[in-house]
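For reference, entry-v6.cif (mmCIF, C-alpha atoms):
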```
data_target
#
loop_
_atom_site.label_atom_id
_atom_site.label_comp_id
_atom_site.auth_asym_id
_atom_site.auth_seq_id
_atom_site.Cartn_x
_atom_site.Cartn_y
_atom_site.Cartn_z
CA ARG A 527 -14.48 -3.51 -21.24
CA ASN A 528 -14.13 -1.26 -24.26
CA ILE A 529 -10.34 -1.08 -23.90
CA LEU A 530 -8.29 -1.42 -27.05
CA PRO A 531 -5.20 -3.66 -27.06
CA ILE A 532 -1.90 -1.83 -26.59
CA ASP A 533 -0.59 -0.67 -29.96
CA LYS A 534 3.16 -1.39 -29.89
CA ASP A 535 3.72 0.94 -32.87
CA ILE A 536 2.63 4.08 -30.96
CA THR A 537 3.54 3.22 -27.36
CA GLN A 538 6.91 2.86 -25.64
CA ALA A 539 7.75 0.42 -22.88
CA GLU A 540 7.69 1.88 -19.38
CA LYS A 541 10.98 1.87 -17.51
CA SER A 542 11.20 1.76 -13.73
CA TYR A 543 14.13 2.81 -11.56
CA GLY A 544 14.16 2.79 -7.81
CA PHE A 545 15.78 2.00 -4.52
CA ASN A 546 14.76 1.16 -0.99
CA LEU A 547 16.53 1.07 2.34
CA ASP A 548 15.39 -1.01 5.31
CA ILE A 549 16.48 -0.38 8.89
CA ASN A 550 15.51 -2.97 11.52
CA TYR A 551 15.85 -2.97 15.29
CA ALA A 552 14.67 -5.52 17.88
CA THR A 553 15.09 -5.80 21.64
CA ILE A 554 13.46 -7.14 24.80
CA LEU A 555 12.07 -4.54 27.20
CA PHE A 556 11.43 -5.17 30.91
CA ASP A 557 12.57 -8.80 30.47
CA LYS A 558 9.18 -9.72 28.91
CA LEU A 559 8.13 -7.36 26.15
CA VAL A 560 9.57 -8.10 22.71
CA PHE A 561 9.83 -4.92 20.64
CA SER A 562 10.81 -4.64 16.98
CA ILE A 563 10.68 -1.79 14.50
CA ASN A 564 11.31 -1.64 10.77
CA ASN A 565 11.68 1.54 8.73
CA LEU A 566 11.58 1.34 4.97
CA PHE A 567 12.55 4.33 2.82
CA PHE A 568 11.68 4.07 -0.88
CA TYR A 569 11.84 5.92 -4.18
CA THR A 570 10.68 4.81 -7.65
CA ARG A 571 10.68 6.68 -10.95
CA ILE A 572 8.73 5.45 -13.98
CA THR A 573 9.66 6.98 -17.33
CA ASP A 574 7.38 6.78 -20.36
CA PRO A 575 4.42 5.63 -18.23
CA LEU A 576 1.32 4.31 -19.93
CA PHE A 577 -2.04 5.79 -19.05
CA LEU A 578 -5.57 4.99 -20.07
CA GLU A 579 -7.21 7.65 -22.23
CA TYR A 580 -10.95 7.60 -22.82
CA ASN A 581 -12.31 8.44 -26.30
CA GLN A 582 -15.85 9.66 -25.58
CA ALA A 583 -16.84 9.93 -29.26
CA ASN A 584 -16.14 6.24 -29.92
CA ASN A 585 -16.83 4.97 -26.36
CA TYR A 586 -13.52 3.16 -25.90
CA SER A 587 -10.30 3.60 -23.97
CA GLU A 588 -6.74 2.99 -25.04
CA PHE A 589 -3.32 2.99 -23.44
CA ILE A 590 -0.96 5.69 -24.66
CA THR A 591 2.54 6.74 -23.62
CA PHE A 592 2.58 9.73 -21.28
CA ASP A 593 5.09 12.47 -22.11
CA GLY A 594 6.81 12.75 -18.74
CA PHE A 595 7.42 10.59 -15.70
CA ASN A 596 5.89 9.49 -12.40
CA ASP A 597 7.81 9.26 -9.16
CA THR A 598 6.97 7.75 -5.80
CA LYS A 599 8.77 8.44 -2.55
CA GLY A 600 7.92 7.63 1.00
CA ILE A 601 8.51 5.83 4.23
CA GLU A 602 6.88 2.83 5.87
CA THR A 603 7.25 2.11 9.58
CA ASN A 604 6.16 -1.17 11.19
CA ILE A 605 6.22 -1.84 14.92
CA LYS A 606 5.58 -5.15 16.68
CA LEU A 607 5.12 -5.66 20.42
CA SER A 608 4.79 -9.18 21.86
CA LEU A 609 3.93 -10.06 25.45
CA ASN A 610 3.16 -13.70 26.22
CA SER A 611 0.15 -14.63 24.06
CA TYR A 612 -0.53 -11.06 22.88
CA LYS A 613 0.89 -9.35 19.80
CA LEU A 614 0.33 -5.79 18.67
CA PHE A 615 1.24 -4.76 15.12
CA ALA A 616 1.15 -1.15 13.96
CA GLY A 617 2.19 0.10 10.55
CA TYR A 618 2.17 3.53 8.97
CA THR A 619 2.94 4.42 5.35
CA PHE A 620 3.50 7.90 3.92
CA THR A 621 3.51 7.91 0.11
CA ASP A 622 4.05 10.93 -2.13
CA VAL A 623 3.31 10.13 -5.78
CA LYS A 624 3.63 12.80 -8.46
CA THR A 625 3.19 13.02 -12.21
CA HIS A 626 5.63 15.32 -14.01
CA THR A 627 5.22 16.74 -17.50
CA ASN A 628 6.35 19.99 -19.13
CA ASP A 629 7.93 21.18 -15.84
CA VAL A 630 4.55 20.82 -14.07
CA SER A 631 3.96 18.39 -11.18
CA SER A 632 0.62 17.12 -9.97
CA ASN A 633 -0.58 14.54 -7.46
CA PHE A 634 -1.22 11.05 -8.80
CA PRO A 635 -4.88 9.93 -8.54
CA LEU A 636 -6.12 7.08 -6.34
CA THR A 637 -3.06 7.14 -4.08
CA PRO A 638 -3.56 8.16 -0.45
CA LYS A 639 -0.63 9.89 1.23
CA HIS A 640 -1.40 8.29 4.60
CA ARG A 641 -2.21 4.68 5.53
CA LEU A 642 -2.28 3.13 8.98
CA GLY A 643 -2.88 -0.43 10.13
CA ILE A 644 -3.26 -1.69 13.71
CA VAL A 645 -3.81 -5.33 14.64
CA LEU A 646 -4.03 -6.81 18.15
CA ILE A 647 -3.87 -10.62 18.33
CA TYR A 648 -4.33 -13.12 21.14
CA GLU A 649 -2.80 -16.48 20.25
CA VAL A 650 -2.76 -19.90 21.84
CA HIS A 651 0.11 -21.32 19.77
CA GLY A 652 -1.02 -23.98 17.30
CA ASN A 653 -4.63 -23.84 18.50
CA LEU A 654 -6.42 -20.47 18.34
CA ARG A 655 -5.93 -16.88 17.21
CA VAL A 656 -8.31 -14.00 17.83
CA GLY A 657 -7.60 -10.53 16.51
CA LEU A 658 -8.98 -7.03 16.30
CA GLU A 659 -7.91 -4.99 13.31
CA ALA A 660 -8.29 -1.40 12.15
CA TYR A 661 -7.04 0.07 8.89
CA TYR A 662 -7.06 3.75 7.94
CA THR A 663 -6.81 5.07 4.39
CA GLY A 664 -6.26 8.80 3.95
CA LYS A 665 -7.92 11.14 1.48
CA GLN A 666 -7.54 10.39 -2.22
CA THR A 667 -8.25 12.18 -5.48
CA LEU A 668 -10.09 10.31 -8.22
CA SER A 669 -9.00 10.51 -11.87
CA SER A 670 -11.87 12.97 -12.39
CA GLY A 671 -10.33 15.35 -9.83
CA ILE A 672 -12.98 14.69 -7.17
CA ASN A 673 -11.58 14.29 -3.64
CA VAL A 674 -12.68 11.22 -1.71
CA THR A 675 -12.87 11.33 2.05
CA ASP A 676 -10.62 9.25 4.28
CA PHE A 677 -12.03 6.10 5.88
CA TRP A 678 -11.49 3.30 8.41
CA VAL A 679 -12.05 -0.43 7.95
CA ASN A 680 -12.39 -2.42 11.19
CA GLY A 681 -12.77 -6.09 11.80
CA ILE A 682 -12.50 -9.13 14.01
CA MET A 683 -10.71 -12.28 12.91
CA ILE A 684 -10.65 -15.75 14.41
CA GLU A 685 -8.59 -18.77 13.40
CA LYS A 686 -9.21 -22.16 14.98
CA ARG A 687 -6.88 -25.06 14.17
CA PHE A 688 -7.95 -28.68 14.11
CA ASN A 689 -4.79 -30.76 13.49
CA ASN A 690 -3.96 -30.00 9.82
CA LEU A 691 -7.15 -28.01 9.19
CA SER A 692 -7.66 -24.30 9.92
CA LEU A 693 -11.01 -22.54 10.11
CA PHE A 694 -11.01 -18.74 9.57
CA LEU A 695 -13.84 -16.41 10.51
#
```
Is it possible to express this structure as structure tokens?
Amino acid sequence: RNILPIDKDITQAEKSYGFNLDINYATILFDKLVFSINNLFFYTRITDPLFLEYNQANNYSEFITFDGFNDTKGIETNIKLSLNSYKLFAGYTFTDVKTHTNDVSSNFPLTPKHRLGIVLIYEVHGNLRVGLEAYYTGKQTLSSGINVTDFWVNGIMIEKRFNNLSLFL
């Protein structure tokens, strides 16, 4: 709402460069417990990023090219443990996103540095799945500069299969 179309005459196309590296390991512990871990290392740099600028006098926003670059670096670790009908998934992500202009760096808004997800599932293969889940999102800074507190989202999920039909709750 109230956003002007991108003006190709005054904006440049963003360019993204990056890399990631995955390291995986899996084994069986105590002859019963399946353990796997994945580590992902990542880096991305966006040059000539677009950002939305608000024109208060005319009550509209427009995309303009930012004089600088954004970069994202971090690590994501995922662990899975399986024992008979039980599976435990845990994942953690650390993300450091910065905006750089005129030799000054600042944190990127709306991007938490820390995220965590934990899911415990009981499964009767092909019939029923019941899970408990908890997701943590770390502190964030809004575009206005206001800091938002961290929070948890928790839930219960159930999937029941009836031949070719699945019911989720």
Of the residues A:Thr570, A:Ser562, A:Thr637, A:Asn550, which is the one nearest to Thr598 of chain A, using all atoms listed in the file? A:Thr570
Residues selected by the PyMOL selection byres ((chain A and resi 680) around 9), written as number ranges by chain: A: 658-662, 678-679, 681-682
Written file, previous selection with C-alpha atoms, as a short mmCIF file (atom, residue, chain, number, x, y, z; two decimals), in the coordinates of the input:
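File written: out.cif
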```
data_model
loop_
_atom_site.label_atom_id
_atom_site.label_comp_id
_atom_site.auth_asym_id
_atom_site.auth_seq_id
_atom_site.Cartn_x
_atom_site.Cartn_y
_atom_site.Cartn_z
CA LEU A 658 -8.98 -7.03 16.30
CA GLU A 659 -7.91 -4.99 13.31
CA ALA A 660 -8.29 -1.40 12.15
CA TYR A 661 -7.04 0.07 8.89
CA TYR A 662 -7.06 3.75 7.94
CA TRP A 678 -11.49 3.30 8.41
CA VAL A 679 -12.05 -0.43 7.95
CA GLY A 681 -12.77 -6.09 11.80
CA ILE A 682 -12.50 -9.13 14.01
#
```
Could you pull out every residue with an atom within 6 Å of (-5.2, 8.8, -3.1), file coordinates, counting all atoms listed in the file, and send them as a ChimeraX atom specification? /A:635-638,665-667
State, in Å with one decimal place, the distance from atom CA of Asn689 of chain A to atom CA of Ile644 of chain A. 29.1 Å
Contacts of Glu685 of chain A at 6 Å (all atoms listed in the file; same-chain gap of 2+ positions) as a ChimeraX atom specification: /A:654-655,693-694
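Computed from the coordinates, the atom CA of Lys624 of chain A to atom CA of Arg571 of chain A distance equals 9.7 Å.
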Residues returned when the PyMOL selection byres ((chain A and resi 669) around 12) runs on this file, as JSON, numbers by chain: {"A": [577, 578, 579, 580, 632, 633, 634, 635, 636, 637, 666, 667, 668, 670, 671, 672, 673, 674]}
From the set A:Ile572, A:Ile647, A:Leu547, A:Ile554, which residue has the shortest atom-to-atom contact distance to Glu602 of chain A, counting all atoms listed in the file? A:Leu547
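Distance annotation: of A:Gly657, A:Pro531, A:Lys606, A:Ile590, the residue with the minimal separation from Ala552 of chain A is A:Lys606; atom set is all atoms listed in the file.
Atom CA of Thr573 of chain A is found 8.4 Å from atom CA of Tyr543 of chain A.
Distance annotation: of A:Asp629, A:Asp533, A:Asp593, A:Glu649, the residue with the minimal separation from Ser608 of chain A is A:Glu649; atom set is only C-alpha atoms.
Across A:Phe567, A:Tyr612, A:Phe592, A:Phe677, the tightest approach to Thr663 of chain A is made by A:Phe677 when counting all atoms listed in the file.
In this comparison, which uses all atoms listed in the file, the residue of A:Gly643, A:Gly544, A:Gly652, A:Gly594 approaching Gly664 of chain A most closely is A:Gly643.
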Residues returned when the PyMOL selection byres ((chain A and resi 619) around 6) runs on this file, as a PyMOL selection string: chain A and resi 601-602+618+620+640-641
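Using all atoms listed in the file, the residues found no farther than 10 Å from Leu607 of chain A, other than those of its own chain fewer than 6 positions away, are Ala552, Ile554, Leu555, Leu559, Val560, Phe561, Ser562, Ile563, Lys613, Leu614, Phe615, Ala616 and Leu646 of chain A.
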Please, which residues are within 6 Å of (12.9, -1.5, 6.7) by the file's coordinates, counting all atoms listed in the file, and could they come as a list of chain:residue names? A:Asp548, A:Ile549, A:Asn550, A:Asn564, A:Asn565, A:Leu566
Which polymer residues have any atom within 12 Å of an atom of Asn653 of chain A, counting all atoms listed in the file, with same-chain residues fewer than 6 positions away left out, as a PyMOL selection string? chain A and resi 611+684-693
Restricted to C-alpha atoms, what would the selected residues look like written as a PDB file, keeping the file's coordinate frame?
```
ATOM      1  CA  SER A 611       0.150 -14.630  24.060  1.00  0.00           C
ATOM      2  CA  ILE A 684     -10.650 -15.750  14.410  1.00  0.00           C
ATOM      3  CA  GLU A 685      -8.590 -18.770  13.400  1.00  0.00           C
ATOM      4  CA  LYS A 686      -9.210 -22.160  14.980  1.00  0.00           C
ATOM      5  CA  ARG A 687      -6.880 -25.060  14.170  1.00  0.00           C
ATOM      6  CA  PHE A 688      -7.950 -28.680  14.110  1.00  0.00           C
ATOM      7  CA  ASN A 689      -4.790 -30.760  13.490  1.00  0.00           C
ATOM      8  CA  ASN A 690      -3.960 -30.000   9.820  1.00  0.00           C
ATOM      9  CA  LEU A 691      -7.150 -28.010   9.190  1.00  0.00           C
ATOM     10  CA  SER A 692      -7.660 -24.300   9.920  1.00  0.00           C
ATOM     11  CA  LEU A 693     -11.010 -22.540  10.110  1.00  0.00           C
TER      12      LEU A 693
END
```
Quick one: residues within 6 Å of Thr621 of chain A, all atoms listed in the file counted, chain neighbours fewer than 3 positions away excluded, as a PyMOL selection string? chain A and resi 599-600+639
